[in-house]
Each structure stands twice: as C-alpha cells, then as structure tokens.
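Please read the structure below before turning to the comments.
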Amino acid sequence: MTPTLRTRAIRLIPGLALCLAVTGAAYLCQRAEQALLGEAWLEALVLAIVIGTALRSIWTPDPRWQAGIAFSARFLLEAAVVLLGVSVSATTILAAGPALLLGIAAVVVLAIAASFVVGRLLHLPARMALLVACGNSICGNSAIAAVAPVIGAESDDVAASIGFTAVLGVVVVLVLPLFGAALHLGGLQYGALAGLTVYAVPQVLAAAAPLGSVAVQMGTLVKLVRVLMLGPVCLLLSFAAPRLCNETGGTWPRDPAGDRPARARPALHHLVPWFIAGFLALIALRSFGLVPERLIAPAETTATFLTVVSMAALGLGVDVRTVASAGSRVTAAVVLSLLVLGAMSLALVLTLHMA
C-alpha cells in the first residue's frame, strides 16, 4: 500500500468505526425486540438510520469523522447494491415487465412536472422548485447534486433541498410499511411502490424489508430504473433550464464564443453508475447459472450487513433541524411533491395488477 493510500485509509477509520458502532447497536436492538416481543417489528435496517439520526440530532460529528461516514454512505452502499444482483431471480425480472418499466419512466417525468408546478404555485424560485422536483421524483441527494450545476442552482438551495430529502426520507421509511399493510399490498406490489416513492437505495431496502425478500428485490429493481432516469433528465434540463429559470439569481456558465449561457451537460459515465452496471451484470450471471448456489446466501448476508452500515451513515448525515429552520413554503412544496409522487406511484401499481 502506498503512503497516499495508507493515509486515506487511516482517515476512514474514525467515521467507519462510528458507523459500525451504530450498526452494532441496531442489531442489538433488533435482538432485544425479538426477545421481548417474539419478533422484530423494526429491523436493523430501519433501526440503524433511526439511531444514527437520533445521535446526529444531539451531536454534530467534526471533520475527522466525515471521511469514514461518507465512505460508508456511498461506497459500501454501492457495493451492497452490486451484491444484491446475485439475489434477484428471473421471476422478479419477468414480474416487472415492459409495462412497469415504461410506467416508471412516465411517473418520473410526470412527477417532476407536477412538483415543479406545485413549487412555482407556492412562489418558490424556479431553481429551488426544480431541485425539489428532481430530488423527490428520482433519487434524493444524488439527483439534487447532479441537477444543481445543470440549472445553475445556488449552494444554499442545494443544501436546503438535500437536508429536506434526508429528513423526509426517514419519515417515509417508517410510515410506508404501515401504509402498505393497510392496503394489503402483496410483496411485488409493495416493493414496486417502495421503489417508486422512497428516495435513496438503502431507504428502499429498509422500507421494503418488512414485507420480505420479494418486496426487497422488486423495490431494488424499480429504484435502480428510477436512478437510470437521472441521465436523460439532466440532459433535457440542460436545454430547458435556461428558459424555466429565467428569473434573477443563480449563475450560468457563459459560452466563451458568445453571450448565451453554456449548458452543463452530464458526462456519459454519469448516465450509468458503476454499481448499477455491476448489479445488472450479476443478474445476468445468475440468470445464466454462472453463480454457484453456495455463494448466493453469503452474498445476500454481506449485502444486508453493508446496507445496514450505510443506513447508519445516512442517519448520521440527517439533521432534523433543517425542517424546523426552513420556510413554510419550502416545507409545503416538498411535502406536496412527495404526496403527488406517492399518488402517481400507487395508481401505477394498482393499474398493473401485479400478483
């Protein structure tokens, strides 16, 4: 190991150790639930983000913790998603079908449009309305971070949008299983609903877990299709945003050959993230029988553990005070946007009649 890599690895230790400690506490709480109640009503996936959020609410980690927390929230999650490809069966893929795939694309596009209109009706600046719309409709923080330079968003708007998606993401994870149970949705239906409505991949896994492995598999598939919509959406916004955001405020990069704003188009390697490519590759290997059966269970266990660690990291990045300090119009726009997405998603799931 080179000195540079050794230094980087050492920087990860404090934050990674903290995430592992929260993960351990989540598993202990799950075991305590099982001992006291006979079963775990809240699994470690959910408990990790709840414990992490509670800790973050009373204590703000200083910079020495951040590298390890960021590594756990991003790379460990991406590795977990890749490993999940081993567990996805051909039955789940066939259950999705072309109708669901087209429906996902339609829901994302319509939800972005509807959420943008809601934000503008509430007199949010156009850039803020677009950040909220894309964050809710695609993949939370990742979508906000990708869209921000395309539309010339200010850093304050980006920070506020990311804070909201983090806080509301926890709320959705806790509430959605109750909603699914009340509607008596099956594993495929509920997994599709979770994949369509929940922000981040680990949150989808946590929200889907209470209804079993089929819900987790379907939720992961649907969520990753949503993530793939980020590239086309950024490309379209690079052309449309200058007209949509024609108000004062924000900065546009200038075209050196003229006076028109230069559109920030996404790089090709951002259109299909590496972990989605890996996930699809493992699905293909599993489908062709190239993955030994004895490796499937350990891969699933490892993916679950890495996901719990990433959930702990996600919780440690959630500041619930963000909602309290935001204005009522922003709060209303984010909540209404989420409700619009939920209504569209439920309509699609019920229309497709998945068994």
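Identifiers in this document derive from the order of the structure tokens: chains are assigned A, B, ..., residues are numbered from 1 separately in each chain, and ligands are numbered from 1 in order of occurrence.
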Neighbours of segment 114-117 of chain A within 10 Å (only C-alpha atoms; same-chain residues fewer than 3 positions away dropped), as an MDAnalysis selection string?
chainID A and resid 108:111 120:124 126:134 136:137 244 333:341
Where in segment 82-204 of chain A does DSSP assign alpha helix (DSSP H), given as a ChimeraX atom specification?
/A:82-84,90-121,126-134,141-151,155-182,187-197,201-204
Proximity check segment 46-92 of chain A to segment 286-301 of chain A, 7 Å, nearest pairs one decimal Å, only C-alpha atoms, as a Markdown table:
| residue | atom | partner | partner_atom | distance |
| --- | --- | --- | --- | --- |
| A:Leu83 | CA | A:Ala299 | CA | 5.9 |
| A:Leu84 | CA | A:Glu300 | CA | 6.4 |
| A:Val86 | CA | A:Arg286 | CA | 6.0 |
| A:Ser87 | CA | A:Glu300 | CA | 6.5 |
| A:Ala90 | CA | A:Ser287 | CA | 6.4 |
Measuring between only C-alpha atoms, which one of A:Val167, A:Val150, A:Leu346, A:Ile49 shows the shortest distance to Ala194 of chain A?
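Answer, going by the shortest atom-to-atom distance: A:Leu346.
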Name the closest residue to Gly186 of chain A among the candidates A:Val216, A:Leu221, A:Ala70, A:Val198; distances are taken between atoms, counting only C-alpha atoms.
A:Val216
Tell me, in Å to one decimal, how far atom CA of Val50 of chain A is from atom CA of Phe71 of chain A.
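Spanning atom CA of Val50 of chain A to atom CA of Phe71 of chain A is a straight-line distance of 19.2 Å.
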Give me, as a list in words, all polymer residues having an atom no more than 7 Å from Ala207 of chain A, counting only C-alpha atoms and skipping those fewer than 6 positions away in the same chain.
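Here the answer would be Val173, Leu176, Pro177 and Ala194 of chain A.
Closest approach to Leu282 of chain A among A:Ala25, A:Gly85, A:Ala17, A:Met344: A:Gly85, based on only C-alpha atoms.
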